[in-house]
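> Here you go, this is structure.csv (CSV, C-alpha atoms).
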```csv
chain,number,residue,atom,x,y,z
A,159,MET,CA,8.8,-12.4,23.9
A,160,ASN,CA,12.3,-10.9,24.3
A,161,VAL,CA,13.6,-8.8,21.5
A,162,PRO,CA,17.4,-9.0,21.2
A,163,LEU,CA,19.1,-5.7,22.3
A,164,SER,CA,19.7,-3.2,19.5
A,165,THR,CA,23.4,-3.8,20.1
A,166,ASP,CA,23.1,-7.6,19.5
A,167,LYS,CA,25.2,-9.0,16.7
A,168,ILE,CA,22.2,-10.6,15.0
A,169,TRP,CA,21.0,-7.3,13.5
A,170,GLY,CA,24.3,-6.6,11.8
A,171,ASP,CA,24.5,-10.1,10.5
A,172,ILE,CA,21.0,-9.7,8.9
A,173,LEU,CA,21.9,-6.2,7.5
A,174,GLN,CA,25.1,-7.5,6.0
A,175,HIS,CA,23.5,-10.6,4.5
A,176,LYS,CA,25.5,-12.9,6.7
A,177,ILE,CA,22.3,-14.6,7.7
A,178,LYS,CA,19.1,-14.9,5.8
A,179,PHE,CA,15.6,-15.4,7.2
A,180,ASP,CA,12.2,-15.9,5.5
A,181,PHE,CA,10.3,-13.3,7.5
A,182,ASP,CA,6.5,-13.1,7.7
A,183,PHE,CA,6.0,-9.6,9.1
A,184,LEU,CA,5.3,-7.4,6.1
A,185,ALA,CA,6.5,-4.2,7.8
A,186,LEU,CA,9.9,-5.9,8.6
A,187,ASN,CA,10.3,-7.0,5.0
A,188,ILE,CA,9.6,-3.5,3.7
A,189,MET,CA,11.8,-1.9,6.2
A,190,LEU,CA,14.7,-4.3,5.5
A,191,GLY,CA,14.4,-3.5,1.8
A,192,ARG,CA,15.1,0.1,2.7
A,193,LEU,CA,17.8,-0.6,5.3
A,194,PHE,CA,19.8,-2.7,3.0
A,195,LEU,CA,20.1,0.2,0.7
A,196,GLU,CA,21.3,2.5,3.5
A,197,VAL,CA,23.9,0.0,4.6
A,198,GLU,CA,25.0,-0.6,1.0
A,199,ARG,CA,25.5,3.1,0.5
A,200,ASP,CA,27.3,3.6,3.9
A,201,PRO,CA,28.5,0.5,5.6
A,202,SER,CA,29.9,2.4,8.5
A,203,PRO,CA,29.4,1.1,12.1
A,204,ALA,CA,27.3,4.2,12.8
A,205,THR,CA,24.9,3.4,10.0
A,206,LEU,CA,24.8,-0.3,10.9
A,207,GLN,CA,23.9,0.6,14.5
A,208,LYS,CA,21.2,3.1,13.4
A,209,CYS,CA,19.6,0.5,11.1
A,210,ALA,CA,19.9,-2.2,13.8
A,211,SER,CA,18.0,0.2,16.2
A,212,GLN,CA,15.3,0.7,13.6
A,213,MET,CA,14.8,-3.1,13.2
A,214,HIS,CA,14.8,-3.6,17.0
A,215,ASP,CA,12.3,-0.8,17.6
A,216,LEU,CA,9.9,-2.2,14.9
A,217,LEU,CA,9.9,-5.6,16.4
A,218,ALA,CA,9.7,-4.3,20.0
A,219,LYS,CA,6.6,-2.2,19.1
A,220,ASN,CA,5.0,-5.1,17.3
A,221,ALA,CA,6.1,-8.1,19.3
A,222,HIS,CA,2.4,-8.9,20.1
A,223,LEU,CA,1.6,-9.6,16.4
A,224,PRO,CA,1.6,-13.3,15.4
A,225,SER,CA,3.7,-12.6,12.3
A,226,ALA,CA,6.3,-10.6,14.3
A,227,LYS,CA,6.4,-13.3,17.0
A,228,ARG,CA,7.2,-15.9,14.4
A,229,ASP,CA,10.0,-13.8,13.0
A,230,LEU,CA,11.4,-13.2,16.5
A,231,GLN,CA,11.4,-16.9,17.1
A,232,LYS,CA,13.4,-17.4,13.9
A,233,ILE,CA,15.9,-14.7,15.1
A,234,LEU,CA,16.1,-16.0,18.6
A,235,GLY,CA,16.6,-19.5,17.3
A,236,VAL,CA,20.0,-18.6,15.8
A,237,GLY,CA,21.5,-16.9,18.8
A,238,GLY,CA,20.0,-13.6,19.4
A,239,ALA,CA,20.1,-12.8,23.2
B,1299,MET,CA,-21.4,-12.8,1.0
B,1300,ARG,CA,-22.0,-9.6,3.1
B,1301,GLN,CA,-23.2,-6.5,1.3
B,1302,VAL,CA,-20.6,-3.9,0.5
B,1303,LEU,CA,-22.2,-1.7,-2.1
B,1304,TYR,CA,-25.1,0.6,-1.0
B,1305,THR,CA,-27.3,3.2,-2.5
B,1306,ILE,CA,-26.9,6.8,-1.5
B,1307,ALA,CA,-30.1,6.6,0.6
B,1308,GLU,CA,-28.8,3.6,2.5
B,1309,VAL,CA,-25.5,5.3,3.2
B,1310,LYS,CA,-27.3,8.4,4.4
B,1311,SER,CA,-29.2,6.2,6.8
B,1312,LYS,CA,-26.0,4.7,8.2
B,1313,ILE,CA,-24.4,8.1,8.7
B,1314,GLU,CA,-27.6,9.3,10.5
B,1315,GLN,CA,-27.3,6.3,12.8
B,1316,GLY,CA,-23.9,7.6,13.8
B,1317,ARG,CA,-21.9,4.7,12.3
B,1318,GLY,CA,-18.2,5.2,11.5
B,1319,LEU,CA,-17.8,4.7,7.8
B,1320,LEU,CA,-14.9,4.4,5.3
B,1321,LEU,CA,-16.4,5.2,1.9
B,1322,ALA,CA,-15.5,4.9,-1.8
B,1323,GLY,CA,-17.6,6.3,-4.5
B,1324,ASP,CA,-18.1,8.7,-7.4
B,1325,GLU,CA,-17.7,12.3,-6.4
B,1326,ALA,CA,-21.3,13.2,-7.2
B,1327,SER,CA,-22.6,10.5,-4.9
B,1328,LEU,CA,-20.3,11.4,-2.0
B,1329,ARG,CA,-21.3,15.0,-2.3
B,1330,GLN,CA,-24.9,14.1,-1.5
B,1331,LEU,CA,-24.0,12.7,1.9
B,1332,PRO,CA,-24.6,14.5,5.2
B,1333,ALA,CA,-22.0,15.3,7.8
B,1334,GLY,CA,-21.1,12.4,10.1
B,1335,ASN,CA,-18.4,10.0,11.2
B,1336,TRP,CA,-17.1,9.2,7.8
B,1337,ILE,CA,-14.2,9.7,5.4
B,1338,GLY,CA,-14.2,8.9,1.7
B,1339,GLY,CA,-12.4,9.0,-1.6
B,1340,THR,CA,-13.5,9.2,-5.2
B,1341,ILE,CA,-13.5,6.1,-7.3
B,1342,PRO,CA,-16.3,4.4,-9.4
B,1343,TYR,CA,-14.7,1.0,-9.8
B,1344,PHE,CA,-15.2,-1.9,-7.4
B,1345,VAL,CA,-15.3,-5.6,-6.9
B,1346,GLY,CA,-18.6,-5.9,-5.1
B,1347,GLU,CA,-20.5,-8.8,-3.7
B,1348,ALA,CA,-21.5,-9.8,-7.2
B,1349,GLY,CA,-18.1,-9.2,-8.9
B,1350,GLY,CA,-16.3,-6.4,-10.6
B,1351,LEU,CA,-18.3,-3.4,-11.8
B,1352,SER,CA,-18.2,0.3,-12.5
B,1353,THR,CA,-21.0,2.4,-10.9
B,1354,ARG,CA,-21.5,6.0,-10.2
B,1355,GLU,CA,-24.6,5.4,-8.2
B,1356,LYS,CA,-23.5,3.0,-5.5
B,1357,ILE,CA,-21.0,3.6,-2.7
B,1358,TYR,CA,-18.6,1.0,-1.3
B,1359,VAL,CA,-19.0,0.9,2.5
B,1360,THR,CA,-16.7,-0.4,5.2
B,1361,GLU,CA,-18.2,0.1,8.6
B,1362,VAL,CA,-15.9,0.8,11.5
B,1363,PRO,CA,-16.3,-2.4,13.6
B,1364,ASP,CA,-17.9,-2.4,17.0
B,1365,TYR,CA,-14.6,-3.6,18.6
B,1366,VAL,CA,-13.0,-0.2,17.9
B,1367,GLN,CA,-12.6,1.8,21.0
B,1368,SER,CA,-12.3,5.2,19.4
B,1369,PHE,CA,-11.4,6.9,16.1
B,1370,GLU,CA,-10.4,10.4,15.0
B,1371,VAL,CA,-10.5,12.0,11.6
B,1372,LYS,CA,-7.4,14.0,10.7
B,1373,VAL,CA,-6.5,16.0,7.6
B,1374,TYR,CA,-2.9,16.2,6.5
B,1375,ASN,CA,-1.1,18.5,4.1
B,1376,THR,CA,2.3,18.0,2.4
B,1377,GLU,CA,4.1,19.1,5.6
B,1378,SER,CA,2.0,17.4,8.3
B,1379,ILE,CA,1.8,14.1,6.5
B,1380,ALA,CA,5.2,13.4,7.9
B,1381,ASN,CA,3.5,12.8,11.3
B,1382,VAL,CA,1.0,10.2,9.9
B,1383,TYR,CA,2.7,7.1,11.3
B,1384,GLU,CA,3.4,8.6,14.8
B,1385,ASP,CA,-0.2,9.7,15.0
B,1386,ILE,CA,-1.5,6.1,14.8
B,1387,PRO,CA,-2.7,4.9,18.2
B,1388,GLU,CA,-0.5,2.4,20.0
B,1389,ASN,CA,-3.0,-0.4,19.6
B,1390,GLY,CA,-4.7,0.5,16.3
B,1391,PHE,CA,-4.3,1.4,12.7
B,1392,GLY,CA,-4.5,4.4,10.3
B,1393,PHE,CA,-6.7,4.4,7.3
B,1394,ILE,CA,-5.5,6.9,4.7
B,1395,ILE,CA,-6.9,8.2,1.4
B,1396,LEU,CA,-4.8,10.5,-0.9
B,1397,PRO,CA,-5.9,12.1,-4.2
B,1398,ALA,CA,-4.1,10.8,-7.2
B,1399,SER,CA,-1.6,13.0,-8.9
B,1400,SER,CA,-1.7,15.6,-6.1
B,1401,GLU,CA,1.4,17.0,-4.5
B,1402,ILE,CA,0.6,15.1,-1.3
B,1403,HIS,CA,0.3,11.9,-3.2
B,1404,LYS,CA,3.8,12.5,-4.6
B,1405,ALA,CA,5.2,13.7,-1.3
B,1406,PHE,CA,3.9,10.6,0.5
B,1407,ALA,CA,5.0,8.2,-2.2
B,1408,LEU,CA,8.6,9.6,-2.3
B,1409,ASN,CA,9.2,10.4,1.3
B,1410,ALA,CA,7.1,8.0,3.5
B,1411,PRO,CA,10.1,5.8,4.3
B,1412,THR,CA,11.9,8.8,5.9
B,1413,TYR,CA,8.9,9.8,8.0
B,1414,PRO,CA,9.3,9.2,11.8
B,1415,GLY,CA,7.9,5.9,12.8
B,1416,PHE,CA,7.7,4.6,9.3
B,1417,ALA,CA,6.0,1.1,9.2
B,1418,THR,CA,6.0,0.9,13.0
B,1419,ARG,CA,2.2,1.0,13.1
B,1420,PRO,CA,-0.2,-0.3,10.5
B,1421,LEU,CA,-1.2,2.3,7.8
B,1422,ILE,CA,-3.5,1.1,5.1
B,1423,GLY,CA,-5.4,2.9,2.5
B,1424,TRP,CA,-5.6,3.9,-1.1
B,1425,ILE,CA,-5.2,6.6,-3.8
B,1426,SER,CA,-8.5,8.1,-5.0
B,1427,GLY,CA,-9.2,8.4,-8.7
B,1428,VAL,CA,-11.8,9.2,-11.3
B,1429,HIS,CA,-13.8,7.4,-14.0
B,1430,LEU,CA,-11.4,6.8,-16.9
B,1431,THR,CA,-13.6,8.8,-19.2
B,1432,ASP,CA,-13.0,11.8,-16.8
B,1433,LEU,CA,-9.2,11.6,-16.8
B,1434,GLY,CA,-7.8,15.0,-17.3
B,1435,LYS,CA,-11.2,16.7,-16.8
B,1436,VAL,CA,-12.0,15.9,-13.2
B,1437,THR,CA,-9.6,15.8,-10.3
B,1438,PRO,CA,-9.6,12.9,-7.7
B,1439,LYS,CA,-10.9,14.0,-4.3
B,1440,VAL,CA,-10.9,12.9,-0.7
B,1441,PHE,CA,-13.7,13.8,1.8
B,1442,ASP,CA,-13.6,14.6,5.5
B,1443,GLY,CA,-17.2,13.7,6.3
B,1444,GLU,CA,-17.2,15.2,9.8
B,1445,HIS,CA,-16.7,18.7,8.3
B,1446,LEU,CA,-18.1,18.0,4.8
B,1447,GLN,CA,-14.7,19.1,3.5
B,1448,VAL,CA,-13.9,18.1,-0.1
B,1449,MET,CA,-10.2,18.2,-0.9
B,1450,GLN,CA,-8.0,17.6,-4.0
B,1451,ASP,CA,-4.6,18.5,-2.4
B,1452,GLN,CA,-4.8,17.1,1.1
B,1453,SER,CA,-5.0,13.6,2.6
B,1454,VAL,CA,-7.7,12.4,5.0
B,1455,VAL,CA,-6.9,9.8,7.6
B,1456,MET,CA,-9.0,7.9,10.2
B,1457,GLN,CA,-6.8,7.1,13.1
B,1458,VAL,CA,-8.4,4.1,14.9
B,1459,LYS,CA,-7.8,2.7,18.3
B,1460,LEU,CA,-8.8,-0.8,19.0
B,1461,LYS,CA,-10.2,-2.2,22.2
B,1462,SER,CA,-7.7,-4.3,24.2
B,1463,GLY,CA,-7.6,-7.9,23.1
B,1464,LYS,CA,-7.7,-7.0,19.4
B,1465,ILE,CA,-4.8,-6.6,17.1
B,1466,ALA,CA,-4.5,-5.1,13.6
B,1467,ASP,CA,-2.1,-6.3,10.9
B,1468,LEU,CA,-1.6,-5.7,7.2
B,1469,GLY,CA,-1.0,-8.0,4.3
B,1470,ILE,CA,-0.6,-7.8,0.6
B,1471,LEU,CA,-1.6,-10.1,-2.2
B,1472,ASN,CA,0.6,-9.6,-5.2
B,1473,ILE,CA,0.5,-12.1,-8.0
B,1474,PHE,CA,3.5,-10.5,-9.8
B,1475,GLU,CA,7.0,-11.8,-9.2
B,1476,GLN,CA,10.4,-10.8,-10.7
B,1477,SER,CA,11.3,-12.5,-14.0
B,1478,ALA,CA,14.8,-13.8,-14.6
B,1479,GLY,CA,15.4,-10.9,-17.0
B,1480,ASP,CA,17.5,-7.8,-16.9
B,1481,THR,CA,18.3,-6.0,-13.7
B,1482,ILE,CA,17.1,-2.4,-13.9
B,1483,THR,CA,18.2,0.4,-11.7
B,1484,PHE,CA,17.6,4.1,-11.8
B,1485,PRO,CA,19.9,7.1,-11.3
B,1486,GLY,CA,17.4,9.0,-9.2
B,1487,ASP,CA,14.1,8.8,-7.3
B,1488,GLY,CA,10.9,9.8,-9.0
B,1489,PHE,CA,7.6,9.1,-10.9
B,1490,SER,CA,9.4,9.3,-14.2
B,1491,ALA,CA,12.8,8.3,-15.7
B,1492,THR,CA,14.8,9.1,-18.8
B,1493,ASP,CA,17.7,6.8,-18.3
B,1494,ALA,CA,18.0,3.5,-16.5
B,1495,TYR,CA,20.9,1.1,-15.9
B,1496,ILE,CA,20.2,-2.2,-17.6
B,1497,ASN,CA,22.5,-4.8,-16.0
B,1498,GLY,CA,24.7,-1.8,-15.1
B,1499,LYS,CA,24.8,-0.2,-18.5
B,1500,LYS,CA,23.2,3.2,-18.9
B,1501,GLN,CA,20.4,3.3,-21.6
B,1502,ASP,CA,17.5,5.5,-22.7
B,1503,PHE,CA,14.7,3.7,-20.8
B,1504,ALA,CA,11.9,4.5,-23.3
B,1505,ASP,CA,14.0,3.2,-26.2
B,1506,TYR,CA,14.9,0.0,-24.2
B,1507,ILE,CA,11.2,-0.7,-23.6
B,1508,SER,CA,10.3,0.0,-27.2
B,1509,ALA,CA,13.2,-2.0,-28.7
B,1510,ASN,CA,12.5,-5.0,-26.6
B,1511,ASN,CA,8.7,-5.0,-27.1
B,1512,ILE,CA,8.1,-5.0,-23.4
B,1513,SER,CA,4.5,-5.1,-22.3
B,1514,THR,CA,3.9,-2.3,-19.9
B,1515,LYS,CA,0.9,-4.1,-18.5
B,1516,LEU,CA,3.5,-6.0,-16.5
B,1517,PRO,CA,5.0,-3.9,-13.7
B,1518,LEU,CA,8.6,-3.5,-12.6
B,1519,VAL,CA,9.1,-5.6,-9.5
B,1520,ALA,CA,11.5,-5.0,-6.6
B,1521,ASP,CA,12.4,-7.6,-4.1
B,1522,TYR,CA,12.0,-6.2,-0.5
B,1523,TYR,CA,13.5,-9.1,1.4
B,1524,GLY,CA,11.3,-11.7,-0.2
B,1525,VAL,CA,8.3,-9.4,-0.7
B,1526,SER,CA,7.5,-8.3,-4.3
B,1527,VAL,CA,6.8,-4.5,-4.6
B,1528,ASN,CA,5.5,-3.3,-8.0
B,1529,ILE,CA,6.0,-0.1,-9.9
B,1530,SER,CA,3.4,0.2,-12.7
B,1531,PHE,CA,4.0,1.9,-16.0
B,1532,GLN,CA,1.8,4.9,-16.9
B,1533,SER,CA,3.3,5.9,-20.3
B,1534,VAL,CA,6.3,5.4,-22.5
B,1535,ASP,CA,7.2,8.3,-24.8
B,1536,THR,CA,10.2,7.6,-27.1
B,1537,GLU,CA,10.1,11.1,-28.6
B,1538,LYS,CA,10.3,12.8,-25.2
B,1539,HIS,CA,12.6,10.0,-23.9
B,1540,GLU,CA,10.4,9.7,-20.9
B,1541,VAL,CA,8.8,6.8,-19.0
B,1542,VAL,CA,6.2,7.7,-16.4
B,1543,PHE,CA,5.2,5.4,-13.5
B,1544,TYR,CA,2.2,5.2,-11.1
B,1545,ALA,CA,4.6,5.1,-8.1
B,1546,PRO,CA,8.2,6.3,-7.8
B,1547,VAL,CA,11.2,4.3,-8.6
B,1548,PHE,CA,14.1,4.6,-6.1
B,1549,SER,CA,17.7,4.8,-6.9
B,1550,GLY,CA,19.6,1.8,-5.6
B,1551,ILE,CA,16.6,-0.5,-5.7
B,1552,ARG,CA,17.0,-3.4,-8.2
B,1553,TYR,CA,14.0,-3.9,-10.4
B,1554,ARG,CA,13.1,-6.6,-12.9
B,1555,LEU,CA,10.1,-6.9,-15.1
B,1556,ALA,CA,7.4,-9.1,-13.8
B,1557,LYS,CA,6.8,-12.7,-15.1
B,1558,PRO,CA,3.7,-12.9,-17.3
B,1559,VAL,CA,0.5,-14.1,-15.6
B,1560,ASP,CA,-1.8,-16.3,-17.6
B,1561,ASP,CA,-5.0,-16.1,-15.5
B,1562,TYR,CA,-5.2,-13.3,-13.0
B,1563,VAL,CA,-8.3,-14.6,-11.2
B,1564,LYS,CA,-7.0,-18.1,-10.8
B,1565,GLU,CA,-3.7,-16.9,-9.5
B,1566,PHE,CA,-5.4,-14.4,-7.2
B,1567,VAL,CA,-7.9,-16.8,-5.7
B,1568,GLY,CA,-5.1,-19.4,-5.2
B,1569,ARG,CA,-3.3,-17.0,-3.0
B,1570,ILE,CA,-6.1,-15.6,-0.8
B,1571,PRO,CA,-4.8,-15.7,2.8
B,1572,GLU,CA,-6.0,-18.4,5.2
B,1573,ASN,CA,-7.1,-15.7,7.6
B,1574,GLY,CA,-9.4,-14.2,4.9
B,1575,SER,CA,-12.3,-14.1,7.3
B,1576,ASP,CA,-10.4,-11.6,9.5
B,1577,ILE,CA,-10.1,-9.1,6.6
B,1578,VAL,CA,-11.8,-5.8,7.6
B,1579,PHE,CA,-10.8,-3.9,4.5
B,1580,SER,CA,-9.1,-4.6,1.2
B,1581,CYS,CA,-8.6,-2.7,-2.1
B,1582,ASN,CA,-7.1,-3.7,-5.3
B,1583,CYS,CA,-5.6,-1.8,-8.3
B,1584,ILE,CA,-7.6,-0.4,-11.2
B,1585,LEU,CA,-4.9,-1.8,-13.5
B,1586,ASN,CA,-5.6,-5.3,-12.3
B,1587,TYR,CA,-9.3,-4.6,-12.9
B,1588,LEU,CA,-8.6,-3.3,-16.5
B,1589,TYR,CA,-5.8,-5.6,-17.6
B,1590,SER,CA,-7.3,-8.7,-16.1
B,1591,GLU,CA,-10.9,-7.8,-17.3
B,1592,LEU,CA,-12.4,-8.2,-13.8
B,1593,GLU,CA,-15.7,-6.6,-14.7
B,1594,GLY,CA,-18.3,-9.2,-13.9
B,1595,LYS,CA,-15.8,-11.5,-12.3
B,1596,LYS,CA,-15.5,-12.4,-8.6
B,1597,THR,CA,-12.2,-12.7,-6.8
B,1598,GLY,CA,-13.2,-15.3,-4.2
B,1599,GLU,CA,-14.8,-13.6,-1.2
B,1600,ILE,CA,-12.5,-10.6,-1.5
B,1601,THR,CA,-14.2,-7.3,-2.4
B,1602,GLY,CA,-13.1,-3.6,-2.4
B,1603,PRO,CA,-12.6,-0.5,-4.4
B,1604,MET,CA,-10.3,-0.7,-7.4
B,1605,THR,CA,-7.9,2.2,-6.9
B,1606,PHE,CA,-5.3,4.4,-8.4
B,1607,GLY,CA,-2.7,3.1,-5.9
B,1608,GLU,CA,-2.8,1.0,-2.7
B,1609,ILE,CA,-1.1,1.7,0.6
B,1610,ALA,CA,0.3,-0.9,3.0
B,1611,TYR,CA,2.8,1.1,5.0
B,1612,GLN,CA,3.9,2.6,1.7
B,1613,LEU,CA,2.5,3.1,-1.8
B,1614,MET,CA,2.0,-0.1,-3.8
B,1615,ASN,CA,0.9,-0.7,-7.4
B,1616,GLN,CA,-1.1,-3.5,-9.0
B,1617,THR,CA,-1.4,-5.1,-5.6
B,1618,MET,CA,-4.3,-6.0,-3.3
B,1619,VAL,CA,-3.7,-4.7,0.2
B,1620,TYR,CA,-5.7,-5.8,3.2
B,1621,LEU,CA,-6.2,-5.1,6.9
B,1622,THR,CA,-7.0,-7.9,9.3
B,1623,VAL,CA,-8.1,-7.5,12.9
B,1624,SER,CA,-7.9,-10.6,15.1
B,1625,GLU,CA,-7.9,-11.7,18.7
B,1626,LEU,CA,-4.7,-11.2,20.7
B,1627,ILE,CA,-3.5,-14.7,21.7
```
Take the structure in the file and write it out as structure tokens.

Amino acid sequence: MNVPLSTDKIWGDILQHKIKFDFDFLALNIMLGRLFLEVERDPSPATLQKCASQMHDLLAKNAHLPSAKRDLQKILGVGGA
Amino acid sequence: MRQVLYTIAEVKSKIEQGRGLLLAGDEASLRQLPAGNWIGGTIPYFVGEAGGLSTREKIYVTEVPDYVQSFEVKVYNTESIANVYEDIPENGFGFIILPASSEIHKAFALNAPTYPGFATRPLIGWISGVHLTDLGKVTPKVFDGEHLQVMQDQSVVMQVKLKSGKIADLGILNIFEQSAGDTITFPGDGFSATDAYINGKKQDFADYISANNISTKLPLVADYYGVSVNISFQSVDTEKHEVVFYAPVFSGIRYRLAKPVDDYVKEFVGRIPENGSDIVFSCNCILNYLYSELEGKKTGEITGPMTFGEIAYQLMNQTMVYLTVSELI
């Protein structure tokens, strides 16, 4: 399954609460809990891109897991590349 | 239900057969075991095949399954623990045990989210402890069974690689949820706090707990994008103006006290995952064992050591964590 590029707008939309998903992959939920804090403290484009890359890498490395696959389907369903 | 608690003689026999083993037991029991392919940690509380019990004589055994391709035992100190996620094999998992109240326990709990590769591979495990009557007299230990090394200030990890076609994943079962009460934040990260911001207003946290008659059997709960992550209370001292926790609070994270739970076992059993038969290992918290009086009670088909902290990617409190291995579809 394709993971949207780390530069895709979808990651920024998630990190800035513009879009909300109900994710199944525990690692993604835990990581997002942390990344929201980082973005809240420093909402600069550089921080957003760093956090987007972390989300992308996590899903790319775990795209074979059923829970991660379900989450990717949710992300792709709303316009990720 | 499959057997999980074994006598020392039975565990010796498994070790001599060359089996890979993940062990939990009282220190005196683990010290009697021969060298072999095992790691272990100290704890004498379990939910076994017959329900919750405390025993110093029996050892909780998780056998490394046959579908494992290879495994390696590694010992980490407060510096090298930063590599723990990156050392996990690409198709595998890491199984970690850390001694409670040690420097490495604190370092991992506080810093894990900053370690390279955090959460990118499954890391499951637990915090070793002692019998409650030994608190303050005996230190929790971890064991590297390959070298018969007993440690109170290092962590032992079995890094496991699965055969192709198998996949490992982690889950948690946490019956606690945020209440609709006050939002609590902290000015710094740590295992203790003097002040907290209650709905944005700075207050002496110990006084706040005391004045509001808050039950410290209920944890603080943070919402990690829909997943509840608990921080359990260890002590509240209004004279010292100090509240101590079993896991660190983090500044910026918004906590609320948990909603009360009427019947732990009923809530727990009602939430056992559908893929429960794929569970290879699980452990639950000693506080759930104590506060919910699990001695003699069964929690469905779920068994495991009752620990001083649980690890699913990061440190958890008052939570069951579990590892599943299933077929790659």
> What does the distance from atom CA of B:Val1567 to atom CA of B:Phe1344 come to in Å, to one decimal?
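A separation of 16.7 Å between them.
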> From the set B:Val1448, B:Met1618, B:Val1534, B:Ala1417, which residue has the shortest atom-to-atom contact distance to chain A, counting only C-alpha atoms?
B:Ala1417
> Which one of B:Leu1319, B:Ala1509, B:Val1525, B:Val1436 sits closest to A:Phe183 if you count only C-alpha atoms?
B:Val1525
> Compare A:Ala210, A:Leu230, A:Ile188, A:Ala218 by their minimum atom-to-atom distance to chain B, counting only C-alpha atoms, and give me the closest one.
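Ranked by minimum distance to chain B, first place goes to A:Ile188.
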> Between atom CA of B:Asp1364 and atom CA of A:Lys219, what distance in Å does the model show, to one decimal?
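These two atoms are separated by 24.6 Å.
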> Quick one: which residues from chain B are at most 8 Å off chain A, using only C-alpha atoms, as a VMD selection string?
chain B and resid 1411 1417 to 1419 1465 1467 to 1469 1521 to 1525 1550 to 1551 1611 1626
> Only C-alpha atoms, please: the residues just picked out, written as a CSV table (one decimal), in the frame of the given file.

```
chain,number,residue,atom,x,y,z
B,1411,PRO,CA,10.1,5.8,4.3
B,1417,ALA,CA,6.0,1.1,9.2
B,1418,THR,CA,6.0,0.9,13.0
B,1419,ARG,CA,2.2,1.0,13.1
B,1465,ILE,CA,-4.8,-6.6,17.1
B,1467,ASP,CA,-2.1,-6.3,10.9
B,1468,LEU,CA,-1.6,-5.7,7.2
B,1469,GLY,CA,-1.0,-8.0,4.3
B,1521,ASP,CA,12.4,-7.6,-4.1
B,1522,TYR,CA,12.0,-6.2,-0.5
B,1523,TYR,CA,13.5,-9.1,1.4
B,1524,GLY,CA,11.3,-11.7,-0.2
B,1525,VAL,CA,8.3,-9.4,-0.7
B,1550,GLY,CA,19.6,1.8,-5.6
B,1551,ILE,CA,16.6,-0.5,-5.7
B,1611,TYR,CA,2.8,1.1,5.0
B,1626,LEU,CA,-4.7,-11.2,20.7
```
> Show which residues sit within 7 Å of B:Val1359, as a list in words. Count all atoms listed in the file, and ignore same-chain residues fewer than 5 positions away.
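In the requested format, the answer is Val1302, Leu1303, Leu1319, Leu1320, Leu1321 and Ala1322 of chain B.
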> Which residues are near B:Ile1577? Cut-off 8 Å, only C-alpha atoms, ignore same chain within fewer than 2 positions. Put them as a list in words.
Asn1573, Gly1574, Ser1575, Phe1579, Ser1580, Tyr1620, Leu1621, Thr1622 and Val1623 of chain B
> Would you list the contacts of B:Arg1552 as an MDAnalysis selection string, taking every protein, DNA or RNA residue within 12 Å and counting all atoms listed in the file, but skipping same-chain residues closer than 5 positions in sequence?
(chainID A and resid 191:192 194:195) or (chainID B and resid 1476 1479:1485 1494:1498 1518:1523 1526:1529 1547)
> Could you tell me which of B:Leu1328, B:Ile1473, B:Ala1491, B:Met1449 comes closest to B:Val1542 if we count all atoms listed in the file?
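Using all atoms listed in the file, the shortest distance to B:Val1542 belongs to B:Ala1491.
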> To one decimal place in Å, what is the distance between atom CA of B:Ile1422 and atom CA of B:Phe1393?
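Those two atoms sit 5.1 Å apart.
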> Between B:Pro1438, B:Pro1414, B:Gly1427, B:Gly1318, which residue has the minimum interatomic distance to B:Val1458, considering all atoms listed in the file?
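Once distances to B:Val1458 are computed over all atoms listed in the file, the minimum belongs to B:Gly1318.
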> Quick one: residues within 6 Å of stretch 1372-1381 of chain B, all atoms listed in the file, excluding same-chain residues fewer than 5 positions away - as a PyMOL selection string?
chain B and resi 1402+1413+1452-1455
> Write out as number ranges by chain the residues lying within 7 Å of B:Thr1340, counting only C-alpha atoms and excluding same-chain residues fewer than 6 positions away.
B: 1322-1325, 1426-1428, 1438-1440
